[in-house]
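S.K.: What follows is the file structure_21.csv, containing CSV, N, CA and C atoms:
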chain,number,residue,atom,x,y,z
A,1,MET,N,155.1,79.1,89.5
A,1,MET,CA,154.6,79.2,90.9
A,1,MET,C,153.9,80.6,91.1
A,2,ARG,N,154.6,81.6,90.7
A,2,ARG,CA,154.0,83.0,90.9
A,2,ARG,C,152.8,83.2,90.1
A,3,LYS,N,152.7,82.6,88.9
A,3,LYS,CA,151.6,82.7,88.0
A,3,LYS,C,150.4,82.0,88.7
A,4,ASP,N,150.6,80.9,89.3
A,4,ASP,CA,149.5,80.2,89.9
A,4,ASP,C,149.0,81.0,91.1
A,5,LEU,N,149.8,81.6,91.9
A,5,LEU,CA,149.4,82.4,93.0
A,5,LEU,C,148.6,83.6,92.6
A,6,ILE,N,149.0,84.2,91.5
A,6,ILE,CA,148.2,85.4,90.9
A,6,ILE,C,146.8,84.9,90.5
A,7,LYS,N,146.8,83.7,89.9
A,7,LYS,CA,145.5,83.1,89.5
A,7,LYS,C,144.6,82.8,90.7
A,8,GLN,N,145.2,82.3,91.7
A,8,GLN,CA,144.5,81.9,92.9
A,8,GLN,C,143.9,83.2,93.6
A,9,ILE,N,144.7,84.3,93.7
A,9,ILE,CA,144.3,85.5,94.2
A,9,ILE,C,143.1,86.1,93.4
A,10,TYR,N,143.2,86.0,92.1
A,10,TYR,CA,142.2,86.4,91.2
A,10,TYR,C,140.9,85.7,91.5
A,11,ALA,N,141.0,84.3,91.6
A,11,ALA,CA,139.8,83.5,91.9
A,11,ALA,C,139.2,83.9,93.2
A,12,TYR,N,140.0,84.1,94.2
A,12,TYR,CA,139.4,84.5,95.5
A,12,TYR,C,138.7,85.9,95.5
A,13,VAL,N,139.3,86.8,94.7
A,13,VAL,CA,138.7,88.1,94.6
A,13,VAL,C,137.4,88.0,93.9
A,14,ILE,N,137.3,87.2,92.9
A,14,ILE,CA,136.0,87.0,92.2
A,14,ILE,C,135.0,86.4,93.1
A,15,CYS,N,135.4,85.5,94.0
A,15,CYS,CA,134.5,84.8,95.0
A,15,CYS,C,134.0,85.9,96.0
A,16,VAL,N,134.9,86.8,96.4
A,16,VAL,CA,134.4,87.8,97.4
A,16,VAL,C,133.4,88.8,96.7
A,17,ILE,N,133.7,89.1,95.4
A,17,ILE,CA,132.8,90.0,94.7
A,17,ILE,C,131.5,89.3,94.5
A,18,ALA,N,131.5,88.0,94.2
A,18,ALA,CA,130.2,87.3,94.0
A,18,ALA,C,129.4,87.2,95.3
A,19,LEU,N,130.1,86.9,96.4
A,19,LEU,CA,129.5,86.9,97.7
A,19,LEU,C,128.9,88.3,98.0
A,20,GLY,N,129.6,89.3,97.7
A,20,GLY,CA,129.1,90.7,98.0
A,20,GLY,C,127.8,91.0,97.2
A,21,CYS,N,127.9,90.6,95.9
A,21,CYS,CA,126.7,90.8,95.1
A,21,CYS,C,125.5,89.9,95.6
A,22,GLY,N,125.8,88.7,96.0
A,22,GLY,CA,124.8,87.8,96.5
A,22,GLY,C,124.1,88.4,97.8
A,23,MET,N,125.0,89.0,98.6
A,23,MET,CA,124.4,89.5,99.9
A,23,MET,C,123.5,90.7,99.6
A,24,ILE,N,124.0,91.6,98.7
A,24,ILE,CA,123.2,92.8,98.3
A,24,ILE,C,121.8,92.3,97.7
A,25,PHE,N,121.8,91.4,96.8
A,25,PHE,CA,120.6,91.0,96.2
A,25,PHE,C,119.7,90.1,97.1
A,26,LEU,N,120.3,89.5,98.1
A,26,LEU,CA,119.6,88.8,99.1
A,26,LEU,C,118.8,89.8,99.9
A,27,CYS,N,119.4,90.9,100.3
A,27,CYS,CA,118.7,92.0,101.0
A,27,CYS,C,117.6,92.6,100.1
A,28,VAL,N,117.9,92.8,98.9
A,28,VAL,CA,116.8,93.3,98.0
A,28,VAL,C,115.6,92.3,97.9
A,29,GLY,N,115.9,91.0,97.9
A,29,GLY,CA,114.8,90.0,97.9
A,29,GLY,C,114.1,90.0,99.2
A,30,ILE,N,114.8,90.1,100.3
A,30,ILE,CA,114.1,90.1,101.6
A,30,ILE,C,113.2,91.3,101.7
A,31,TYR,N,113.7,92.5,101.2
A,31,TYR,CA,112.9,93.7,101.2
A,31,TYR,C,111.7,93.5,100.3
A,32,GLY,N,111.9,92.8,99.2
A,32,GLY,CA,110.7,92.5,98.3
A,32,GLY,C,109.6,91.7,99.0
A,33,ILE,N,110.0,90.8,99.9
A,33,ILE,CA,109.1,90.0,100.7
A,33,ILE,C,108.3,90.9,101.6
A,34,PHE,N,109.0,91.9,102.2
A,34,PHE,CA,108.3,92.8,103.1
A,34,PHE,C,107.4,93.7,102.3
A,35,LYS,N,107.8,94.1,101.1
A,35,LYS,CA,106.9,94.9,100.2
A,35,LYS,C,105.6,94.2,99.9
A,36,ILE,N,105.7,92.9,99.7
A,36,ILE,CA,104.5,92.1,99.4
A,36,ILE,C,103.7,92.0,100.7
A,37,ALA,N,104.3,91.7,101.8
A,37,ALA,CA,103.5,91.4,103.0
A,37,ALA,C,103.0,92.7,103.7
A,38,TYR,N,103.8,93.8,103.7
A,38,TYR,CA,103.4,95.0,104.3
A,38,TYR,C,103.6,96.2,103.4
A,39,PRO,N,102.8,96.3,102.4
A,39,PRO,CA,103.0,97.4,101.4
A,39,PRO,C,102.8,98.8,102.0
A,40,GLU,N,101.9,98.9,103.0
A,40,GLU,CA,101.7,100.2,103.6
A,40,GLU,C,102.9,100.7,104.4
A,41,LEU,N,103.7,99.7,104.9
A,41,LEU,CA,104.9,100.1,105.6
A,41,LEU,C,106.1,100.5,104.7
A,42,THR,N,106.2,99.8,103.6
A,42,THR,CA,107.4,100.1,102.7
A,42,THR,C,107.1,101.1,101.7
A,43,MET,N,105.9,101.6,101.5
A,43,MET,CA,105.6,102.6,100.6
A,43,MET,C,106.3,103.9,101.0
A,44,PRO,N,106.8,104.7,100.1
A,44,PRO,CA,107.4,106.0,100.4
A,44,PRO,C,106.4,106.9,101.2
A,45,SER,N,106.9,107.6,102.2
A,45,SER,CA,106.1,108.4,103.1
A,45,SER,C,105.2,109.4,102.4
A,46,TRP,N,105.8,110.1,101.4
A,46,TRP,CA,105.1,111.1,100.7
A,46,TRP,C,103.9,110.5,100.0
A,47,GLU,N,104.0,109.3,99.4
A,47,GLU,CA,102.9,108.7,98.7
A,47,GLU,C,101.9,108.2,99.7
A,48,TRP,N,102.3,107.6,100.8
A,48,TRP,CA,101.4,107.1,101.8
A,48,TRP,C,100.6,108.2,102.5
A,49,LYS,N,101.2,109.4,102.7
A,49,LYS,CA,100.5,110.5,103.3
A,49,LYS,C,99.3,111.0,102.4
A,50,LYS,N,99.5,110.8,101.1
A,50,LYS,CA,98.4,111.3,100.2
A,50,LYS,C,97.2,110.4,100.3
A,51,ILE,N,97.4,109.1,100.6
A,51,ILE,CA,96.3,108.2,100.5
A,51,ILE,C,95.9,107.5,101.8
A,52,ALA,N,96.7,107.8,102.9
A,52,ALA,CA,96.5,107.1,104.2
A,52,ALA,C,95.0,107.2,104.7
A,53,THR,N,94.5,108.4,104.6
A,53,THR,CA,93.1,108.6,105.1
A,53,THR,C,92.3,109.4,104.0
A,54,PHE,N,91.0,109.3,104.1
A,54,PHE,CA,90.2,110.0,103.2
A,54,PHE,C,90.4,111.5,103.3
A,55,GLN,N,90.6,112.0,104.5
A,55,GLN,CA,90.8,113.4,104.7
A,55,GLN,C,92.1,113.9,104.0
A,56,SER,N,93.1,113.1,104.2
A,56,SER,CA,94.4,113.5,103.5
A,56,SER,C,94.3,113.5,102.0
A,57,PHE,N,93.6,112.5,101.5
A,57,PHE,CA,93.3,112.5,100.0
A,57,PHE,C,92.5,113.6,99.6
A,58,LYS,N,91.5,114.0,100.3
A,58,LYS,CA,90.6,115.1,100.0
A,58,LYS,C,91.4,116.4,100.0
A,59,SER,N,92.2,116.6,101.0
A,59,SER,CA,93.0,117.8,101.1
A,59,SER,C,93.9,117.9,99.9
A,60,GLU,N,94.6,116.9,99.5
A,60,GLU,CA,95.5,116.9,98.4
A,60,GLU,C,94.7,117.2,97.1
A,61,TRP,N,93.5,116.6,97.0
A,61,TRP,CA,92.7,116.7,95.8
A,61,TRP,C,92.3,118.2,95.7
A,62,GLU,N,91.9,118.8,96.8
A,62,GLU,CA,91.4,120.2,96.7
A,62,GLU,C,92.6,121.2,96.5
A,63,LYS,N,93.8,120.8,96.9
A,63,LYS,CA,94.9,121.7,96.7
A,63,LYS,C,95.3,121.8,95.2
A,64,GLU,N,95.1,120.7,94.5
A,64,GLU,CA,95.5,120.7,93.1
A,64,GLU,C,94.6,121.5,92.2
A,65,GLU,N,95.2,122.2,91.3
A,65,GLU,CA,94.5,123.0,90.3
A,65,GLU,C,93.9,122.1,89.2
A,66,LYS,N,92.9,122.5,88.6
A,66,LYS,CA,92.3,121.8,87.4
A,66,LYS,C,91.7,120.5,87.8
A,67,THR,N,91.4,120.3,89.0
A,67,THR,CA,90.7,119.0,89.4
A,67,THR,C,89.2,119.3,89.5
A,68,PRO,N,88.4,118.4,89.0
A,68,PRO,CA,86.9,118.7,89.1
A,68,PRO,C,86.4,118.7,90.5
A,69,LYS,N,85.4,119.4,90.8
A,69,LYS,CA,84.7,119.4,92.1
A,69,LYS,C,83.9,118.2,92.1
A,70,LEU,N,84.1,117.4,93.2
A,70,LEU,CA,83.4,116.1,93.3
A,70,LEU,C,82.7,116.1,94.7
A,71,THR,N,81.7,115.3,94.7
A,71,THR,CA,81.0,115.1,96.0
A,71,THR,C,81.9,114.2,96.9
A,72,ASP,N,81.6,114.2,98.2
A,72,ASP,CA,82.4,113.3,99.1
A,72,ASP,C,82.3,111.8,98.7
A,73,GLU,N,81.2,111.4,98.2
A,73,GLU,CA,81.0,110.0,97.8
A,73,GLU,C,81.8,109.7,96.6
A,74,GLU,N,81.8,110.6,95.6
A,74,GLU,CA,82.7,110.4,94.4
A,74,GLU,C,84.1,110.4,94.7
A,75,LEU,N,84.5,111.3,95.6
A,75,LEU,CA,85.9,111.5,96.0
A,75,LEU,C,86.3,110.3,96.8
A,76,ARG,N,85.4,109.7,97.6
A,76,ARG,CA,85.8,108.5,98.4
A,76,ARG,C,86.1,107.3,97.5
A,77,ILE,N,85.3,107.2,96.4
A,77,ILE,CA,85.6,106.2,95.4
A,77,ILE,C,86.9,106.3,94.8
A,78,ARG,N,87.3,107.6,94.4
A,78,ARG,CA,88.6,107.8,93.9
A,78,ARG,C,89.7,107.6,94.9
A,79,TRP,N,89.5,107.9,96.1
A,79,TRP,CA,90.4,107.6,97.2
A,79,TRP,C,90.7,106.1,97.3
A,80,GLN,N,89.6,105.3,97.4
A,80,GLN,CA,89.8,103.9,97.5
A,80,GLN,C,90.5,103.3,96.3
A,81,ASP,N,90.2,103.8,95.1
A,81,ASP,CA,90.9,103.4,93.9
A,81,ASP,C,92.4,103.7,94.0
A,82,ALA,N,92.7,105.0,94.4
A,82,ALA,CA,94.1,105.4,94.5
A,82,ALA,C,94.9,104.6,95.5
A,83,LYS,N,94.2,104.3,96.6
A,83,LYS,CA,94.8,103.5,97.7
A,83,LYS,C,95.1,102.1,97.2
A,84,GLU,N,94.1,101.5,96.5
A,84,GLU,CA,94.3,100.1,96.0
A,84,GLU,C,95.4,100.1,95.0
A,85,ILE,N,95.4,101.1,94.1
A,85,ILE,CA,96.5,101.1,93.1
A,85,ILE,C,97.9,101.2,93.7
A,86,ALA,N,98.0,102.1,94.7
A,86,ALA,CA,99.3,102.3,95.4
A,86,ALA,C,99.7,101.0,96.1
A,87,ILE,N,98.8,100.3,96.7
A,87,ILE,CA,99.2,99.1,97.4
A,87,ILE,C,99.6,98.0,96.4
A,88,LYS,N,98.8,97.9,95.3
A,88,LYS,CA,99.1,96.9,94.3
A,88,LYS,C,100.5,97.2,93.7
A,89,SER,N,100.7,98.5,93.4
A,89,SER,CA,102.0,98.9,92.8
A,89,SER,C,103.2,98.5,93.7
A,90,GLU,N,103.0,98.7,95.0
A,90,GLU,CA,104.1,98.4,96.0
A,90,GLU,C,104.3,96.9,96.0
A,91,LYS,N,103.2,96.1,96.0
A,91,LYS,CA,103.4,94.6,96.0
A,91,LYS,C,104.1,94.2,94.7
A,92,ARG,N,103.7,94.8,93.6
A,92,ARG,CA,104.3,94.5,92.3
A,92,ARG,C,105.8,94.8,92.3
A,93,ASP,N,106.2,95.9,92.9
A,93,ASP,CA,107.6,96.2,93.1
A,93,ASP,C,108.3,95.2,93.9
A,94,GLY,N,107.6,94.7,94.9
A,94,GLY,CA,108.2,93.6,95.8
A,94,GLY,C,108.5,92.3,95.0
A,95,ILE,N,107.5,92.0,94.1
A,95,ILE,CA,107.7,90.8,93.3
A,95,ILE,C,108.9,91.0,92.3
A,96,GLN,N,109.0,92.2,91.8
A,96,GLN,CA,110.1,92.5,90.9
A,96,GLN,C,111.4,92.4,91.7
A,97,ASN,N,111.5,92.8,92.9
A,97,ASN,CA,112.7,92.7,93.7
A,97,ASN,C,113.1,91.2,93.9
A,98,ILE,N,112.1,90.4,94.1
A,98,ILE,CA,112.4,89.0,94.3
A,98,ILE,C,112.9,88.4,93.0
A,99,ILE,N,112.3,88.8,91.9
A,99,ILE,CA,112.8,88.3,90.5
A,99,ILE,C,114.2,88.8,90.3
A,100,TYR,N,114.6,90.1,90.7
A,100,TYR,CA,115.9,90.5,90.5
A,100,TYR,C,116.9,89.6,91.3
A,101,MET,N,116.5,89.3,92.6
A,101,MET,CA,117.3,88.5,93.4
A,101,MET,C,117.5,87.1,92.8
A,102,LEU,N,116.5,86.5,92.3
A,102,LEU,CA,116.6,85.2,91.7
A,102,LEU,C,117.5,85.2,90.4
A,103,ILE,N,117.4,86.2,89.6
A,103,ILE,CA,118.2,86.4,88.4
A,103,ILE,C,119.7,86.5,88.9
A,104,CYS,N,119.9,87.3,89.9
A,104,CYS,CA,121.3,87.5,90.4
A,104,CYS,C,121.9,86.2,90.8
A,105,PHE,N,121.1,85.4,91.6
A,105,PHE,CA,121.6,84.2,92.1
A,105,PHE,C,121.9,83.2,91.0
A,106,VAL,N,121.1,83.2,89.9
A,106,VAL,CA,121.3,82.3,88.8
A,106,VAL,C,122.7,82.6,88.1
A,107,ILE,N,123.0,83.9,88.2
A,107,ILE,CA,124.3,84.3,87.6
A,107,ILE,C,125.5,84.2,88.6
A,108,VAL,N,125.3,84.6,89.8
A,108,VAL,CA,126.3,84.7,90.8
A,108,VAL,C,126.8,83.3,91.3
A,109,ILE,N,125.8,82.4,91.6
A,109,ILE,CA,126.2,81.1,92.2
A,109,ILE,C,127.2,80.3,91.3
A,110,PRO,N,126.9,80.2,90.0
A,110,PRO,CA,127.9,79.5,89.2
A,110,PRO,C,129.2,80.2,89.1
A,111,ILE,N,129.2,81.5,89.0
A,111,ILE,CA,130.5,82.2,89.0
A,111,ILE,C,131.3,82.0,90.3
A,112,PHE,N,130.6,82.0,91.4
A,112,PHE,CA,131.3,81.8,92.7
A,112,PHE,C,131.8,80.3,92.7
A,113,LEU,N,131.0,79.4,92.4
A,113,LEU,CA,131.4,78.0,92.4
A,113,LEU,C,132.6,77.7,91.5
A,114,ILE,N,132.6,78.2,90.3
A,114,ILE,CA,133.7,78.0,89.4
A,114,ILE,C,135.0,78.5,89.9
A,115,HIS,N,134.9,79.8,90.4
A,115,HIS,CA,136.1,80.4,90.9
A,115,HIS,C,136.6,79.8,92.2
A,116,TRP,N,135.7,79.4,93.1
A,116,TRP,CA,136.0,78.7,94.3
A,116,TRP,C,136.8,77.4,94.0
A,117,LYS,N,136.3,76.6,93.1
A,117,LYS,CA,136.9,75.4,92.7
A,117,LYS,C,138.3,75.6,92.1
A,118,LEU,N,138.4,76.7,91.3
A,118,LEU,CA,139.6,77.1,90.7
A,118,LEU,C,140.7,77.5,91.8
A,119,ALA,N,140.2,78.2,92.7
A,119,ALA,CA,141.1,78.7,93.8
A,119,ALA,C,141.6,77.5,94.6
A,120,LYS,N,140.7,76.6,95.0
A,120,LYS,CA,141.1,75.4,95.7
A,120,LYS,C,142.0,74.5,95.0
A,121,LYS,N,141.8,74.4,93.7
A,121,LYS,CA,142.6,73.5,92.8
A,121,LYS,C,144.0,74.1,92.7
A,122,LEU,N,144.1,75.5,92.6
A,122,LEU,CA,145.4,76.1,92.5
A,122,LEU,C,146.1,76.1,93.8
A,123,GLY,N,145.3,76.1,94.9
A,123,GLY,CA,145.9,76.0,96.3
A,123,GLY,C,146.5,74.6,96.5
A,124,LYS,N,145.9,73.6,96.0
A,124,LYS,CA,146.4,72.2,96.1
A,124,LYS,C,147.7,72.1,95.3
A,125,THR,N,147.7,72.7,94.1
A,125,THR,CA,148.9,72.5,93.3
A,125,THR,C,150.1,73.3,93.9
A,126,GLU,N,149.8,74.4,94.6
A,126,GLU,CA,150.9,75.1,95.3
A,126,GLU,C,151.5,74.3,96.4
A,127,VAL,N,150.6,73.6,97.2
A,127,VAL,CA,151.1,72.7,98.2
A,127,VAL,C,151.9,71.6,97.7
A,128,LEU,N,151.5,71.0,96.6
A,128,LEU,CA,152.2,69.9,96.0
A,128,LEU,C,153.6,70.4,95.5
A,129,LYS,N,153.6,71.5,94.9
A,129,LYS,CA,154.9,72.1,94.4
A,129,LYS,C,155.9,72.3,95.6
A,130,LYS,N,155.3,72.8,96.7
A,130,LYS,CA,156.2,73.1,97.8
A,130,LYS,C,156.7,71.8,98.4
A,131,GLU,N,155.9,70.7,98.4
A,131,GLU,CA,156.3,69.4,98.9
A,131,GLU,C,157.4,68.8,98.1
A,132,GLU,N,157.4,69.1,96.8
A,132,GLU,CA,158.4,68.5,95.9
A,132,GLU,C,159.7,69.2,96.1
A,133,LEU,N,159.7,70.4,96.5
A,133,LEU,CA,161.0,71.1,96.7
A,133,LEU,C,161.6,70.6,98.0
The structure in this file should be written as structure tokens.

M.R.:
Amino acid sequence: MRKDLIKQIYAYVICVIALGCGMIFLCVGIYGIFKIAYPELTMPSWEWKKIATFQSFKSEWEKEEKTPKLTDEELRIRWQDAKEIAIKSEKRDGIQNIIYMLICFVIVIPIFLIHWKLAKKLGKTEVLKKEEL
């Protein structure tokens, strides 16, 4: 009887851990959706400040040493490329977050279900044993 109770507690603890992991990765996945939909919003502030406007990009470019002197037109092309790369990178990170979430769910859901069924089965055997007494 005591051994079954310990097994049941173990099964419920594993269920709680699985639910916790699932909730964390659900949040990661939802954040990934926001990264895809609004990359300018989720991008780190320091990175966004560098590319948000042409003037901010130009200021950063001129601050750095060993950068070639470019005309505004050439610099504008580099700014547009840098902005596009940063946004695509943020969207790519969002897709990776969703993939992490799906992988987690593929692992966590079966673990949860197996342990939930085990806990319920052990709970029923406890009730039956008490009725027999």

S.K.: Using only N, CA and C atoms, which of the listed residues (A:Pro39, A:Lys117, A:Val108, A:Trp48) sits closest to Ser89 (chain A)?

M.R.: A:Pro39

S.K.: Given all atoms listed in the file as the basis, pick out the residue of A:Asp72, A:Arg78, A:Lys83, A:Ile30 nearest to Ala52 (chain A).

M.R.: A:Lys83

S.K.: Select, from A:His115, A:Leu75, A:Lys88, A:Gly29, the residue with the minimum atom-to-atom distance to Gln55 (chain A), counting only C-alpha atoms.

M.R.: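 Closest candidate: A:Leu75.
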
S.K.: State, in Å with one decimal place, the distance from atom N of Cys27 (chain A) to atom C of Ile111 (chain A).

M.R.: 17.9 Å

S.K.: Take CA of Trp61 (chain A) and CA of Glu74 (chain A) and report the distance between them in Å, one decimal.

M.R.: 11.9 Å

S.K.: Using only C-alpha atoms for the distances, tell me which of A:Lys7, A:Arg76, A:Lys49, A:Arg2 is nearest to Lys121 (chain A).

M.R.: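 When distances to Lys121 (chain A) are compared using only C-alpha atoms, the smallest one comes from A:Lys7.
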
S.K.: Quick one: distance from CA of Gly94 (chain A) to atom C of Val28 (chain A) in Å, one decimal?

M.R.: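 Taking CA of Gly94 (chain A) as the start and atom C of Val28 (chain A) as the end point, the length is 7.8 Å.
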
S.K.: Excluding region 102-107 of chain A and its own-chain neighbours fewer than 2 positions away, which residues fall within 8 Å of it when counting only N, CA and C atoms? Please give them as a PyMOL selection string.

M.R.: chain A and resi 18+21-22+25-26+29+96-100+109-112

S.K.: Taking only N, CA and C atoms into account, name the residue in A:Leu70, A:Ile33, A:Ile77, A:Ile51 that is nearest to Ile95 (chain A).

M.R.: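 Looking at the shortest contact to Ile95 (chain A), the residue is A:Ile33.
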
S.K.: Pick out the residues sitting within 12 Å of Ile6 (chain A), and hand them over as a list in words; count only C-alpha atoms, and ignore anything fewer than 3 positions along from it in its own chain.

M.R.: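 Skipping anything fewer than 3 positions along the chain leaves Met1, Arg2, Lys3, Ile9, Tyr10, Ala11, Tyr12, Val13, Leu118, Ala119, Leu122, Gly123 and Glu126 of chain A.
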
S.K.: Of the residues A:Leu19, A:Ala82, A:Met101, A:Ile114, which is the one nearest to Lys50 (chain A), using all atoms listed in the file?

M.R.: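 So, comparing all the options, the nearest one is A:Ala82.
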